[in-house]
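Student: Below are the C-alpha cells for one structure; questions will follow.
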Amino acid sequence: MISDKERQIQESFTNIEYRKALAIEHVNTTLAVQIRKMREHRQWKQHELADRLGKHQETVSQWENPDYGRYSITTLKEIAAIFDVALLVKFIPFSELAKDMVNLSETRLSPPSFNEEIHNAYQSCLPSPGAANTQDSDLYDLKHLNDKLKHLDQKPPVLEPSVKV
Amino acid sequence: MSYTVLIYDYVNIDNGDVIKPWLDQLRPIVKAKVNARLNTLEQINRTEWAMPLTEVLKGDKDGLIAIRIKYQGIEYRLLGYDGPFRGEFTLLANCTERNNKYIPLDVGRVANERRRSIEANPIARRTRHDFR
C-alpha cells in the first residue's frame, strides 16, 4: 500500500523532462539538508567544517544551499570522511526514487557517525535495570561490541553488563 | 519541540487550488525544484526551516513564511503560514523577489486576505498540496 504522495510522485514521472529534473532536485535538496544537519548535530559552525576540509566558509554555505547543485563525487567523499559516515552513489529506477522521496527520516537525513552507531547499538543491548536475567545472547552482543569498540579511535567506555548473572 | 507539517494549498472559492495551476505553467525544471523543496520541508523538523530554504517575513508580511527557490537568476517565492490547524502549513500565494522587493508588490496583502479566508472556513479554503 503506497501513500497518496508516493502515488502522485510516481504519476508525475510520465513527463520525461519533469522526472529528470525531479531526480536531480531531490538529490540537490537532500544533500544540502544532510550536510547542514550533520554539521549542526556536531555543533560545528560552517567555518569549522570548512577548516576541517581546507575550504572557505562560503563554500560550505553553498553546499548547504539546495539551489547550488554542483557537488562533485570527490567533494562528497571528503565530506563523508569528515562526518565519519558512508557515501552511497548508485543508479536506481524511478520507482525507488519515489519511495526514497517519501522516506526522509531523521536518521536518514542526519545519519550517525560510525562511533555513534556503535554507541547506540551498545546502549540498546544493555540489560534494562531490574531485569532478572541477562541472556547468553546479550552477553555475546556485549562481548562483540566490546571487541568492536577496541578498534575505535576514541577511548571506549567500560562495558560491563549492569545486571549480575 | 520536534514536529513536522503537511503542506496545503489555498483554494479560491471560484477557481479552486491557486498553487497547482501556477506550478503547472512553470518550466518542468522549476516545478521540480518547487516540489522537491516542499517534499523535503514536509519531512524535516518544522523548527529547522531556515535560510536559505525558507525566510520568516516581517512588516506587512508579518506571520508569513517565504519558501525560497532560485533558478537561472529568478528568485521564486511561495508565501504561506503555519495553519489553519496544528501540523499544517498552507501555501497562500506565489511571487518573485527582485532587488529585495516582492513582485507583485501587493502579494503580502493578497496572502493575508487569503489567510483570513482560510481561518473563516478552513475546510473549504485549503486542499492538500498535489505533488504531481
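Here's how to read the names in the C-alpha cells: chain A, B, ... by the order shown, residue numbers from 1 in each chain, ligand numbers from 1 in the order shown.
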Pull out every residue of chain A sitting within 6 Å of chain B, counting only C-alpha atoms, and send them as a PyMOL selection string.
Tutor: chain A and resi 8-9+12+18+21-22+25-26
Student: Would you mind exporting the chosen residues as a PDB file, in the first residue's frame, restricted to C-alpha atoms?
Tutor:
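Output saved as result39.pdb:
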```
ATOM      1  CA  GLN A   8       1.365  11.325  -7.054  1.00  0.00           C
ATOM      2  CA  ILE A   9       5.137  11.397  -7.415  1.00  0.00           C
ATOM      3  CA  SER A  12       4.416  12.797 -12.260  1.00  0.00           C
ATOM      4  CA  TYR A  18       9.959  16.702 -15.179  1.00  0.00           C
ATOM      5  CA  ALA A  21      14.570  17.388 -13.119  1.00  0.00           C
ATOM      6  CA  LEU A  22      12.874  15.961 -10.030  1.00  0.00           C
ATOM      7  CA  GLU A  25      16.422  18.329  -7.441  1.00  0.00           C
ATOM      8  CA  HIS A  26      15.743  15.595  -4.898  1.00  0.00           C
TER       9      HIS A  26
END
```
Student: Got a sec: who's within 10 Å of B:Leu92, counting only C-alpha atoms, leaving out chain neighbours fewer than 2 positions off, as a PDB file with N, CA and C atoms, in the first residue's frame?
Tutor:
```pdb
ATOM      1  N   TYR B   8      -0.383  22.338   2.557  1.00  0.00           N
ATOM      2  CA  TYR B   8      -1.675  22.523   1.891  1.00  0.00           C
ATOM      3  C   TYR B   8      -1.593  23.718   0.935  1.00  0.00           C
ATOM      4  N   ASP B   9      -2.536  23.762  -0.032  1.00  0.00           N
ATOM      5  CA  ASP B   9      -2.633  24.896  -0.961  1.00  0.00           C
ATOM      6  C   ASP B   9      -3.906  25.680  -0.662  1.00  0.00           C
ATOM      7  N   TYR B  10      -3.835  26.983  -0.839  1.00  0.00           N
ATOM      8  CA  TYR B  10      -5.040  27.817  -0.711  1.00  0.00           C
ATOM      9  C   TYR B  10      -6.002  27.494  -1.853  1.00  0.00           C
ATOM     10  N   VAL B  11      -7.298  27.460  -1.530  1.00  0.00           N
ATOM     11  CA  VAL B  11      -8.333  27.200  -2.530  1.00  0.00           C
ATOM     12  C   VAL B  11      -9.192  28.451  -2.705  1.00  0.00           C
ATOM     13  N   ASN B  12      -9.192  28.971  -3.933  1.00  0.00           N
ATOM     14  CA  ASN B  12     -10.056  30.099  -4.275  1.00  0.00           C
ATOM     15  C   ASN B  12     -11.477  29.576  -4.452  1.00  0.00           C
ATOM     16  N   ASP B  17      -7.836  25.303  -6.358  1.00  0.00           N
ATOM     17  CA  ASP B  17      -6.429  25.387  -5.932  1.00  0.00           C
ATOM     18  C   ASP B  17      -5.704  26.477  -6.733  1.00  0.00           C
ATOM     19  N   VAL B  18      -5.083  27.436  -6.046  1.00  0.00           N
ATOM     20  CA  VAL B  18      -4.388  28.508  -6.778  1.00  0.00           C
ATOM     21  C   VAL B  18      -2.907  28.198  -7.005  1.00  0.00           C
ATOM     22  N   ILE B  19      -2.364  27.255  -6.257  1.00  0.00           N
ATOM     23  CA  ILE B  19      -0.935  26.955  -6.368  1.00  0.00           C
ATOM     24  C   ILE B  19      -0.660  25.986  -7.529  1.00  0.00           C
ATOM     25  N   LEU B  64       4.043  35.586   7.905  1.00  0.00           N
ATOM     26  CA  LEU B  64       4.149  34.761   6.696  1.00  0.00           C
ATOM     27  C   LEU B  64       5.569  34.216   6.566  1.00  0.00           C
ATOM     28  N   ILE B  65       5.665  33.064   5.912  1.00  0.00           N
ATOM     29  CA  ILE B  65       6.955  32.423   5.654  1.00  0.00           C
ATOM     30  C   ILE B  65       7.117  32.336   4.145  1.00  0.00           C
ATOM     31  N   LEU B  78       7.291  31.324  -2.528  1.00  0.00           N
ATOM     32  CA  LEU B  78       5.952  30.830  -2.211  1.00  0.00           C
ATOM     33  C   LEU B  78       5.656  31.269  -0.789  1.00  0.00           C
ATOM     34  N   LEU B  79       4.620  32.075  -0.629  1.00  0.00           N
ATOM     35  CA  LEU B  79       4.281  32.590   0.702  1.00  0.00           C
ATOM     36  C   LEU B  79       3.215  31.709   1.356  1.00  0.00           C
ATOM     37  N   GLY B  80       3.442  31.397   2.626  1.00  0.00           N
ATOM     38  CA  GLY B  80       2.479  30.574   3.346  1.00  0.00           C
ATOM     39  C   GLY B  80       2.520  30.874   4.828  1.00  0.00           C
ATOM     40  N   TYR B  81       1.721  30.148   5.586  1.00  0.00           N
ATOM     41  CA  TYR B  81       1.707  30.350   7.044  1.00  0.00           C
ATOM     42  C   TYR B  81       1.440  29.028   7.754  1.00  0.00           C
ATOM     43  N   PHE B  89       0.901  23.537   7.137  1.00  0.00           N
ATOM     44  CA  PHE B  89       1.459  24.774   6.587  1.00  0.00           C
ATOM     45  C   PHE B  89       0.731  24.997   5.266  1.00  0.00           C
ATOM     46  N   THR B  90       0.113  26.164   5.110  1.00  0.00           N
ATOM     47  CA  THR B  90      -0.689  26.400   3.900  1.00  0.00           C
ATOM     48  C   THR B  90      -0.032  27.442   3.000  1.00  0.00           C
ATOM     49  N   ASN B  94       2.106  33.066  -4.701  1.00  0.00           N
ATOM     50  CA  ASN B  94       3.453  32.989  -5.276  1.00  0.00           C
ATOM     51  C   ASN B  94       3.872  34.364  -5.777  1.00  0.00           C
ATOM     52  N   VAL B 107       1.563  41.343  -2.955  1.00  0.00           N
ATOM     53  CA  VAL B 107       1.438  39.911  -2.638  1.00  0.00           C
ATOM     54  C   VAL B 107       1.230  39.673  -1.137  1.00  0.00           C
ATOM     55  N   GLY B 108       1.795  40.544  -0.303  1.00  0.00           N
ATOM     56  CA  GLY B 108       1.608  40.402   1.140  1.00  0.00           C
ATOM     57  C   GLY B 108       0.145  40.596   1.521  1.00  0.00           C
ATOM     58  N   VAL B 110      -2.474  40.237  -0.494  1.00  0.00           N
ATOM     59  CA  VAL B 110      -3.235  39.107  -1.061  1.00  0.00           C
ATOM     60  C   VAL B 110      -3.095  37.883  -0.160  1.00  0.00           C
ATOM     61  N   ALA B 111      -1.871  37.599   0.250  1.00  0.00           N
ATOM     62  CA  ALA B 111      -1.623  36.420   1.093  1.00  0.00           C
ATOM     63  C   ALA B 111      -2.376  36.528   2.417  1.00  0.00           C
ATOM     64  N   ASN B 112      -2.358  37.726   3.011  1.00  0.00           N
ATOM     65  CA  ASN B 112      -3.052  37.901   4.295  1.00  0.00           C
ATOM     66  C   ASN B 112      -4.571  37.792   4.149  1.00  0.00           C
ATOM     67  N   GLU B 113      -5.103  38.301   3.016  1.00  0.00           N
ATOM     68  CA  GLU B 113      -6.545  38.157   2.755  1.00  0.00           C
ATOM     69  C   GLU B 113      -6.914  36.676   2.634  1.00  0.00           C
ATOM     70  N   ARG B 114      -6.076  35.946   1.928  1.00  0.00           N
ATOM     71  CA  ARG B 114      -6.341  34.515   1.753  1.00  0.00           C
ATOM     72  C   ARG B 114      -6.235  33.784   3.088  1.00  0.00           C
ATOM     73  N   ARG B 115      -5.294  34.201   3.875  1.00  0.00           N
ATOM     74  CA  ARG B 115      -5.146  33.587   5.205  1.00  0.00           C
ATOM     75  C   ARG B 115      -6.421  33.790   6.021  1.00  0.00           C
ATOM     76  N   ILE B 118      -9.133  31.484   4.862  1.00  0.00           N
ATOM     77  CA  ILE B 118      -8.932  30.110   5.351  1.00  0.00           C
ATOM     78  C   ILE B 118      -9.368  29.998   6.802  1.00  0.00           C
ATOM     79  N   ARG B 126      -8.827  25.222   1.713  1.00  0.00           N
ATOM     80  CA  ARG B 126      -7.476  24.695   1.540  1.00  0.00           C
ATOM     81  C   ARG B 126      -7.576  23.243   1.115  1.00  0.00           C
TER      82      ARG B 126
END
```
Student: Within 12 Å of stretch 46-59 of chain A, counting only C-alpha atoms, which residues qualify if same-chain residues fewer than 3 places away don't, as a ChimeraX atom specification?
Tutor: /A:32,35-43,62-65,68,70-71,75-83
Student: From the DSSP assignment of the backbone, select every residue of chain B that is strand (DSSP E), and format the answer as a count of residues only.
Tutor: 45
Student: Based on DSSP run over this structure's backbone, return all residues of chain B in alpha helix (DSSP H), as an MDAnalysis selection string.
Tutor: chainID B and resid 19:24 28:43 107:120
Student: Would you write out those residues with N, CA and C atoms, as a tab-separated table (two decimals), in the first residue's frame?
Tutor:
```tsv
chain	number	residue	atom	x	y	z
B	19	ILE	N	-2.36	27.26	-6.26
B	19	ILE	CA	-0.93	26.95	-6.37
B	19	ILE	C	-0.66	25.99	-7.53
B	20	LYS	N	-1.51	24.97	-7.67
B	20	LYS	CA	-1.30	23.93	-8.69
B	20	LYS	C	-1.26	24.50	-10.12
B	21	PRO	N	-2.22	25.36	-10.51
B	21	PRO	CA	-2.17	25.92	-11.87
B	21	PRO	C	-0.91	26.75	-12.11
B	22	TRP	N	-0.47	27.46	-11.08
B	22	TRP	CA	0.77	28.24	-11.22
B	22	TRP	C	1.96	27.30	-11.45
B	23	LEU	N	2.02	26.23	-10.66
B	23	LEU	CA	3.11	25.27	-10.80
B	23	LEU	C	3.09	24.62	-12.19
B	24	ASP	N	1.89	24.27	-12.65
B	24	ASP	CA	1.76	23.55	-13.93
B	24	ASP	C	2.20	24.38	-15.13
B	28	PRO	N	9.25	22.63	-16.44
B	28	PRO	CA	9.35	21.43	-15.60
B	28	PRO	C	10.49	21.49	-14.58
B	29	ILE	N	11.62	22.08	-14.96
B	29	ILE	CA	12.75	22.14	-14.03
B	29	ILE	C	12.39	22.97	-12.80
B	30	VAL	N	11.65	24.07	-13.00
B	30	VAL	CA	11.28	24.93	-11.87
B	30	VAL	C	10.21	24.25	-11.02
B	31	LYS	N	9.25	23.63	-11.69
B	31	LYS	CA	8.20	22.90	-10.95
B	31	LYS	C	8.84	21.78	-10.11
B	32	ALA	N	9.82	21.10	-10.70
B	32	ALA	CA	10.50	20.01	-9.98
B	32	ALA	C	11.25	20.57	-8.77
B	33	LYS	N	11.88	21.73	-8.94
B	33	LYS	CA	12.59	22.34	-7.81
B	33	LYS	C	11.62	22.66	-6.68
B	34	VAL	N	10.47	23.21	-7.04
B	34	VAL	CA	9.48	23.57	-6.01
B	34	VAL	C	8.99	22.32	-5.30
B	35	ASN	N	8.59	21.31	-6.06
B	35	ASN	CA	8.04	20.11	-5.43
B	35	ASN	C	9.08	19.34	-4.62
B	36	ALA	N	10.32	19.30	-5.10
B	36	ALA	CA	11.38	18.63	-4.32
B	36	ALA	C	11.59	19.37	-3.00
B	37	ARG	N	11.55	20.70	-3.06
B	37	ARG	CA	11.75	21.50	-1.86
B	37	ARG	C	10.61	21.29	-0.87
B	38	LEU	N	9.36	21.32	-1.38
B	38	LEU	CA	8.20	21.13	-0.50
B	38	LEU	C	8.22	19.74	0.12
B	39	ASN	N	8.60	18.75	-0.69
B	39	ASN	CA	8.65	17.37	-0.18
B	39	ASN	C	9.64	17.25	0.97
B	40	THR	N	10.79	17.87	0.83
B	40	THR	CA	11.79	17.80	1.90
B	40	THR	C	11.33	18.58	3.13
B	41	LEU	N	10.75	19.75	2.90
B	41	LEU	CA	10.28	20.55	4.04
B	41	LEU	C	9.25	19.79	4.86
B	42	GLU	N	8.41	19.01	4.18
B	42	GLU	CA	7.40	18.22	4.91
B	42	GLU	C	8.04	17.19	5.85
B	43	GLN	N	9.29	16.83	5.57
B	43	GLN	CA	9.88	15.73	6.33
B	43	GLN	C	10.99	16.14	7.28
B	107	VAL	N	1.56	41.34	-2.96
B	107	VAL	CA	1.44	39.91	-2.64
B	107	VAL	C	1.23	39.67	-1.14
B	108	GLY	N	1.80	40.54	-0.30
B	108	GLY	CA	1.61	40.40	1.14
B	108	GLY	C	0.14	40.60	1.52
B	109	ARG	N	-0.48	41.62	0.91
B	109	ARG	CA	-1.90	41.88	1.20
B	109	ARG	C	-2.76	40.72	0.71
B	110	VAL	N	-2.47	40.24	-0.49
B	110	VAL	CA	-3.23	39.11	-1.06
B	110	VAL	C	-3.10	37.88	-0.16
B	111	ALA	N	-1.87	37.60	0.25
B	111	ALA	CA	-1.62	36.42	1.09
B	111	ALA	C	-2.38	36.53	2.42
B	112	ASN	N	-2.36	37.73	3.01
B	112	ASN	CA	-3.05	37.90	4.30
B	112	ASN	C	-4.57	37.79	4.15
B	113	GLU	N	-5.10	38.30	3.02
B	113	GLU	CA	-6.55	38.16	2.75
B	113	GLU	C	-6.91	36.68	2.63
B	114	ARG	N	-6.08	35.95	1.93
B	114	ARG	CA	-6.34	34.52	1.75
B	114	ARG	C	-6.24	33.78	3.09
B	115	ARG	N	-5.29	34.20	3.87
B	115	ARG	CA	-5.15	33.59	5.20
B	115	ARG	C	-6.42	33.79	6.02
B	116	ARG	N	-6.98	35.00	5.96
B	116	ARG	CA	-8.22	35.27	6.71
B	116	ARG	C	-9.37	34.42	6.17
B	117	SER	N	-9.41	34.24	4.85
B	117	SER	CA	-10.46	33.40	4.25
B	117	SER	C	-10.36	31.97	4.75
B	118	ILE	N	-9.13	31.48	4.86
B	118	ILE	CA	-8.93	30.11	5.35
B	118	ILE	C	-9.37	30.00	6.80
B	119	GLU	N	-8.97	30.99	7.59
B	119	GLU	CA	-9.31	30.94	9.02
B	119	GLU	C	-10.83	30.94	9.21
B	120	ALA	N	-11.55	31.62	8.29
B	120	ALA	CA	-13.00	31.69	8.40
B	120	ALA	C	-13.66	30.38	7.96
```
Student: Tell me which protein, DNA and RNA residues are within 9 Å of stretch 90-96 of chain A, counting only C-alpha atoms, leaving out same-chain ones fewer than 6 positions away, and put them as JSON, numbers by chain.
Tutor: {"A": [10, 13, 19, 23]}
Student: Write to file, as a tab-separated table (two decimals), in the first residue's frame, the residues of the selection just made, with N, CA and C atoms.
Tutor:
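The file below, out.tsv, is the result:
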```tsv
chain	number	residue	atom	x	y	z
A	10	GLN	N	4.90	9.18	-8.40
A	10	GLN	CA	5.05	8.19	-9.48
A	10	GLN	C	4.32	8.65	-10.73
A	13	PHE	N	6.03	11.14	-13.02
A	13	PHE	CA	7.17	10.66	-13.81
A	13	PHE	C	6.83	10.45	-15.29
A	19	ARG	N	10.55	14.37	-14.72
A	19	ARG	CA	11.14	13.33	-13.87
A	19	ARG	C	12.66	13.45	-13.81
A	23	ALA	N	14.49	14.14	-10.18
A	23	ALA	CA	15.55	13.27	-9.66
A	23	ALA	C	16.76	14.11	-9.23
```
